[in-house]
Each structure stands twice: as C-alpha cells, then as structure tokens.
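Content type compact mmCIF, C-alpha atoms and all ligand atoms, from the file structure-v5.txt:
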# COMPACT_ATOMS: atom_id res chain seq x y z
CA MET A 15 86.98 2.20 257.27
CA THR A 16 84.06 1.56 254.85
CA PHE A 17 83.21 3.32 251.61
CA THR A 18 80.13 3.55 249.42
CA PRO A 19 80.54 1.08 246.52
CA LYS A 20 81.01 2.67 243.08
CA ARG A 21 79.88 1.58 239.61
CA ALA A 22 82.56 0.12 237.35
CA GLN A 23 81.59 2.57 234.59
CA GLU A 24 82.47 5.54 236.83
CA SER A 25 86.16 4.58 236.64
CA LEU A 26 86.32 4.51 232.83
CA ILE A 27 89.32 6.30 231.32
CA GLN A 28 89.67 6.80 227.55
CA MET A 29 93.13 7.91 226.47
CA THR A 30 94.18 8.89 222.95
CA GLU A 31 97.79 9.22 221.75
CA LEU A 32 99.43 9.81 218.36
CA VAL A 33 102.40 7.55 217.47
CA LEU A 34 105.32 9.90 216.70
CA PRO A 35 108.82 8.94 215.45
CA ASN A 36 110.27 8.95 218.97
CA ASP A 37 107.70 6.32 220.02
CA THR A 38 108.68 3.73 217.41
CA ASN A 39 111.14 0.87 216.95
CA THR A 40 113.35 0.39 213.89
CA PHE A 41 110.42 -1.17 212.00
CA GLY A 42 108.34 2.00 212.31
CA ASN A 43 105.94 0.45 214.80
CA LEU A 44 105.01 1.65 218.29
CA MET A 45 107.49 0.29 220.87
CA GLY A 46 105.97 -2.12 223.39
CA GLY A 47 107.57 -0.23 226.27
CA ARG A 48 105.97 3.06 225.23
CA LEU A 49 102.55 1.39 224.95
CA MET A 50 102.96 -0.20 228.40
CA TYR A 51 103.87 3.24 229.82
CA TRP A 52 100.66 4.76 228.42
CA MET A 53 98.64 1.74 229.65
CA ASP A 54 100.14 2.12 233.13
CA ILE A 55 99.06 5.78 233.21
CA ALA A 56 95.53 5.02 231.95
CA ALA A 57 95.15 2.27 234.57
CA ALA A 58 96.49 4.52 237.34
CA LEU A 59 93.96 7.23 236.36
CA ALA A 60 91.08 4.70 236.36
CA THR A 61 91.97 3.36 239.82
CA MET A 62 92.50 6.84 241.28
CA LYS A 63 89.09 7.82 239.89
CA HIS A 64 87.61 4.78 241.63
CA CYS A 65 89.24 5.18 245.04
CA SER A 66 90.03 8.93 245.21
CA ALA A 67 93.52 8.23 246.53
CA PRO A 68 97.07 7.92 245.19
CA VAL A 69 97.89 4.46 243.82
CA VAL A 70 100.90 2.34 242.86
CA THR A 71 101.18 -0.42 240.27
CA ALA A 72 101.36 -3.75 242.14
CA SER A 73 101.44 -6.06 239.12
CA VAL A 74 100.89 -6.36 235.39
CA ASP A 75 99.48 -9.59 233.97
CA ASN A 76 100.88 -10.96 230.73
CA ILE A 77 100.51 -8.68 227.71
CA SER A 78 100.51 -10.10 224.16
CA PHE A 79 100.96 -7.65 221.32
CA GLU A 80 98.54 -8.97 218.69
CA THR A 81 98.87 -6.28 216.01
CA PRO A 82 101.60 -3.62 215.67
CA ILE A 83 100.50 0.02 215.70
CA LYS A 84 102.19 2.03 212.98
CA LEU A 85 103.91 5.43 212.99
CA GLY A 86 101.30 8.14 212.39
CA ASN A 87 98.46 5.98 213.67
CA VAL A 88 96.38 6.78 216.73
CA VAL A 89 96.38 4.70 219.92
CA HIS A 90 93.14 4.38 221.88
CA ILE A 91 93.35 2.97 225.40
CA GLU A 92 90.33 2.20 227.58
CA ALA A 93 90.85 1.36 231.24
CA LYS A 94 88.13 0.37 233.70
CA VAL A 95 88.24 -1.09 237.23
CA THR A 96 86.72 -4.60 237.21
CA ARG A 97 86.78 -5.37 240.93
CA ALA A 98 88.19 -4.08 244.18
CA PHE A 99 89.43 -6.30 247.00
CA THR A 100 90.63 -4.80 250.30
CA THR A 101 93.30 -2.31 249.27
CA SER A 102 93.88 -3.45 245.67
CA MET A 103 91.93 -2.97 242.45
CA GLU A 104 92.06 -4.91 239.20
CA VAL A 105 91.87 -2.84 235.99
CA HIS A 106 91.00 -4.14 232.53
CA LEU A 107 92.69 -2.38 229.63
CA ARG A 108 91.85 -2.57 225.94
CA VAL A 109 94.00 -1.05 223.23
CA TRP A 110 93.16 -0.25 219.62
CA GLY A 111 95.16 1.30 216.82
CA GLU A 112 93.49 3.60 214.31
CA ASP A 113 94.54 4.68 210.84
CA PRO A 114 93.34 8.30 210.90
CA VAL A 115 93.49 8.66 207.11
CA GLN A 116 91.72 5.44 206.07
CA GLN A 117 89.61 5.77 209.21
CA TYR A 118 89.58 2.20 210.47
CA ARG A 119 90.32 0.78 213.92
CA TYR A 120 92.08 -2.47 214.75
CA LYS A 121 92.49 -4.25 218.08
CA SER A 122 96.04 -4.23 219.41
CA ASN A 123 95.94 -5.86 222.83
CA GLU A 124 94.27 -6.37 226.19
CA ALA A 125 95.68 -6.62 229.69
CA PHE A 126 94.88 -6.68 233.38
CA MET A 127 96.82 -4.63 235.93
CA THR A 128 96.55 -4.42 239.71
CA PHE A 129 96.93 -1.19 241.67
CA VAL A 130 97.07 -0.58 245.42
CA ALA A 131 95.74 2.58 247.11
CA LEU A 132 98.04 4.31 249.56
CA ASP A 133 97.38 6.53 252.58
CA PRO A 134 99.43 9.69 253.29
CA ASN A 135 102.04 7.52 255.07
CA GLY A 136 102.54 5.34 252.00
CA LYS A 137 100.70 2.37 253.58
CA SER A 138 98.02 0.43 251.69
CA ARG A 139 94.51 1.66 252.50
CA PRO A 140 90.98 0.26 251.89
CA VAL A 141 89.13 1.06 248.66
CA PRO A 142 85.41 1.15 247.71
CA GLN A 143 83.91 -2.05 246.26
CA VAL A 144 82.87 -2.17 242.59
CA ILE A 145 79.29 -2.59 241.33
CA PRO A 146 79.26 -4.28 237.90
CA ASP A 147 76.20 -3.36 235.77
CA THR A 148 76.61 -4.67 232.21
CA GLU A 149 76.97 -8.35 231.26
CA GLU A 150 80.62 -7.74 230.32
CA GLU A 151 81.32 -6.00 233.64
CA LYS A 152 79.74 -8.94 235.51
CA VAL A 153 81.87 -11.50 233.62
CA LEU A 154 85.02 -9.49 234.34
CA TYR A 155 84.00 -9.07 238.01
CA ASP A 156 83.40 -12.82 238.42
CA GLY A 157 86.73 -13.76 236.83
CA ALA A 158 88.69 -11.23 238.88
CA MET A 159 89.00 -13.46 241.95
CA ARG A 160 90.55 -16.30 239.91
CA ARG A 161 92.96 -13.92 238.18
CA ARG A 162 93.88 -12.42 241.59
CA GLN A 163 94.65 -15.84 243.02
CA LEU A 164 96.70 -16.81 239.97
CA ARG A 165 98.82 -13.64 240.12
CA LEU A 166 99.33 -13.92 243.88
CA VAL A 167 100.42 -17.56 243.52
CA LEU A 168 102.79 -16.65 240.67
CA GLY A 169 104.10 -13.69 242.70
CA GLY A 170 104.82 -15.95 245.68
CA LYS A 171 102.21 -14.14 247.82
CA MET A 172 99.74 -17.03 248.12
CA LYS A 173 100.15 -20.77 248.59
CA PRO A 174 98.64 -22.70 245.66
CA GLY A 175 96.68 -24.77 248.18
CA ASP A 176 94.88 -21.63 249.39
CA ALA A 177 93.73 -20.58 245.90
CA GLU A 178 90.22 -22.04 246.28
CA GLU A 179 88.62 -20.40 243.22
CA LEU A 180 91.51 -21.45 241.01
CA LYS A 181 91.41 -25.04 242.28
CA ALA A 182 87.69 -25.17 241.53
CA LEU A 183 88.51 -24.78 237.83
CA PHE A 184 90.47 -28.04 237.84
CA ILE A 185 88.69 -30.23 240.39
C1 LIG B 201 102.22 -3.10 245.89
C2 LIG B 201 102.62 -2.92 247.35
C3 LIG B 201 101.94 -1.64 247.89
C4 LIG B 201 102.09 -4.12 248.15
O1 LIG B 201 102.61 -3.97 249.42
P1 LIG B 201 102.68 -5.15 250.48
O2 LIG B 201 103.45 -4.74 251.64
O3 LIG B 201 103.00 -6.43 249.77
O4 LIG B 201 101.24 -5.07 250.98
P2 LIG B 201 100.23 -6.17 251.38
O5 LIG B 201 100.79 -7.53 251.50
O6 LIG B 201 99.53 -5.56 252.54
O7 LIG B 201 99.26 -6.16 250.13
C5 LIG B 201 98.52 -5.03 249.78
C6 LIG B 201 97.69 -5.39 248.60
O8 LIG B 201 98.55 -5.60 247.48
C7 LIG B 201 98.20 -6.80 246.85
N1 LIG B 201 99.36 -7.33 246.19
C8 LIG B 201 100.59 -7.50 246.72
N2 LIG B 201 101.40 -8.02 245.80
C9 LIG B 201 100.67 -8.19 244.67
C10 LIG B 201 100.95 -8.70 243.38
N3 LIG B 201 102.15 -9.13 243.05
N4 LIG B 201 99.95 -8.71 242.48
C11 LIG B 201 98.72 -8.27 242.80
N5 LIG B 201 98.40 -7.76 244.01
C12 LIG B 201 99.37 -7.74 244.93
C13 LIG B 201 97.71 -7.68 247.98
O9 LIG B 201 96.93 -8.75 247.48
C14 LIG B 201 96.91 -6.70 248.79
O10 LIG B 201 95.65 -6.52 248.19
P3 LIG B 201 94.29 -6.58 249.09
O11 LIG B 201 94.48 -5.64 250.24
O12 LIG B 201 93.22 -6.09 248.17
O13 LIG B 201 94.11 -8.00 249.52
C15 LIG B 201 104.17 -2.82 247.56
O14 LIG B 201 104.76 -4.07 247.20
C16 LIG B 201 104.80 -1.70 246.75
O15 LIG B 201 104.76 -0.56 247.14
N6 LIG B 201 105.39 -2.05 245.60
C17 LIG B 201 106.02 -1.09 244.73
C18 LIG B 201 104.97 -0.38 243.88
C19 LIG B 201 105.61 0.49 242.83
O16 LIG B 201 106.49 1.25 243.13
N7 LIG B 201 105.11 0.36 241.60
C20 LIG B 201 105.65 1.08 240.51
C21 LIG B 201 106.57 0.24 239.68
S1 LIG B 201 108.17 0.21 240.32
Just give me the structure of the file as structure tokens.
Amino acid sequence: MTFTPKRAQESLIQMTELVLPNDTNTFGNLMGGRLMYWMDIAAALATMKHCSAPVVTASVDNISFETPIKLGNVVHIEAKVTRAFTTSMEVHLRVWGEDPVQQYRYKSNEAFMTFVALDPNGKSRPVPQVIPDTEEEKVLYDGAMRRRQLRLVLGGKMKPGDAEELKALFI
C-alpha cells in the first residue's frame, strides 16, 4: 500500500486550554499529568490528520518541565508530525504558558511522541511519508531517524549494534 506524501505543515494542531483549579497541584501550578494528557491528545490529532486513520501512542520521549504554568493561565500546545516511517510517525510538541491579563507568553516544554496507525483489525498499517518544507522542519526530519533508533534501543526493540545513524554520531 502506498500513499501520496503530505507536507509536515498539514498536520499542525494548535490546542488552547485554560488552567482551572482541578488541573493544579497543591502549589497552584498545572499538574504534569494533566499537561501530558493534553499533549497526548494534541499529538494524536496531528498524527490522525497526517495519516487519516486511528492511532495509538507507542512512546513518549523524555519531557522536562522547564517553567510551571500557573492557575488561571492559558496553555498553548502545538503538535506537528516531523517524519513518518512505515507505520509509525514522530510528532514534535511545543508548549507555552500565557498570562492572559499581563499578556505575555513563556515557554514551558517540548517533547517528541511516537504514534502508530492502526487498520480496522487493530493491526499497524502504513502511513504517508512527510515532506518537510521549512528549515526547522528539515532539521527535525533529519534528526528523527536518530531519535527513532535511540527510543527503539531504549525500548528493547532494536539492538544497539543495528542503530547505524546513532553510531555515526560517536564514531
Ligand atoms: C505501539 C504498538 C502498536 C506497536 O506494536 P508492535 O506489535 O510492537 O508492532 P511492530 O513491531 O510491528 O511495530 C509497529 C511500529 O511501532 C513502532 N514501535 C514499536 N515500539 C515502539 C516504541 N517503543 N517507540 C517507538 N516506536 C515503536 C515500530 O518501530 C514500528 O514502526 P514502523 O512500522 O514505522 O517501523 C503496540 O505495542 C501497542 O498497541 N501498544 C499499546 C498502545 C497503547 O495502547 N497506547 C496507549 C497508552 S496505554
């Protein structure tokens, strides 16, 4: 099965949420788990937009929370597919907080997630390739193979010796 490749930009999802009391920890900041839930949904929407099929989360790369997002602030999440492999897609997510009264934005965190497209029987199915256009999209596309190999090695799905692109960084 082959598909027409799609531009990275076509998968862009921009999600906006308001941090309410039920979303916060005891310090009055957005809980990490709630943010990861919203990020998971934004990434799922971006990958479904890319492949026009149902998807599941295969893995989440490390997430560092750089700046807390406060109660009453706005959360902006952008998710875009960086590269597609055979049945999996890598998504890049960026998160900002915004003080809606003072009207300034601050970066909260970034992450990469991997989703797999499924057919009606719940089996992984092929996805369209990604065409990167901008300089940033090209950099993310080029790095995606190394990140894929690293996560598959860490997940026990690839032997370190087979991770050619990763090895090239060190040799
Ligand atoms: C993700 C899942 C579909 C992979 O199934 P699998 O039987 O391991 O399938 P395969 O080995 O054929 O791999 C399918 C794709 O998943 C990718 N994959 C598998 N494990 C991965 C991991 N840990 N990280 C990144 N990609 C992974 C493979 O690289 C492959 O991608 P490719 O076709 O582009 O090369 C399966 O493990 C699953 O359904 N997991 C549960 C998903 C879920 O419920 N998520 C919600 C949170 S609970």
Counting only C-alpha atoms, find residues at most 8 Å from (91.8, -18.9, 238.0) (file frame) and give them as a list in words.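 Checked against the point, the hits come out as Gly157, Met159, Arg160, Arg161, Arg162, Gln163, Leu164, Glu179, Leu180, Lys181 and Leu183 of chain A.
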Using all atoms listed in the file, what are the residues with an atom within 6 Å of ligand LIG 201 (chain B), set out as a compact mmCIF listing (two decimals) with C-alpha atoms, in the coordinates of the input?
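Dumped to part39.txt:
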# COMPACT_ATOMS: atom_id res chain seq x y z
CA VAL A 70 100.90 2.34 242.86
CA THR A 71 101.18 -0.42 240.27
CA ALA A 72 101.36 -3.75 242.14
CA SER A 73 101.44 -6.06 239.12
CA PHE A 99 89.43 -6.30 247.00
CA THR A 100 90.63 -4.80 250.30
CA THR A 101 93.30 -2.31 249.27
CA SER A 102 93.88 -3.45 245.67
CA THR A 128 96.55 -4.42 239.71
CA VAL A 130 97.07 -0.58 245.42
CA SER A 138 98.02 0.43 251.69
CA ARG A 165 98.82 -13.64 240.12
CA LEU A 166 99.33 -13.92 243.88
CA GLY A 169 104.10 -13.69 242.70
Can you work out the spacing between atom CA of Asp147 of chain A and atom CA of Glu178 of chain A in Å, to one decimal?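 Computed distance, atom CA of Asp147 of chain A to atom CA of Glu178 of chain A, equals 25.6 Å.
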Atom CA of Glu151 of chain A to atom CA of Asp54 of chain A, straight-line distance in Å: 20.5 Å
Taking into account only C-alpha atoms, which residue in the set A:Gln143, A:Thr18, A:Asn123, A:Ser66 is nearest to Met53 of chain A? A:Asn123
Could you give me the axis-aligned bounding box of segment 17-33 of chain A, with 8 Å of padding per side, as centre plus edge lengths in Å to one decimal, as JSON?
{"center_x": 91.1, "center_y": 5.0, "center_z": 234.5, "size_x": 38.5, "size_y": 25.7, "size_z": 50.1}
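What separates atom CA of Met103 of chain A from atom CA of Glu31 of chain A is a distance of 24.7 Å.
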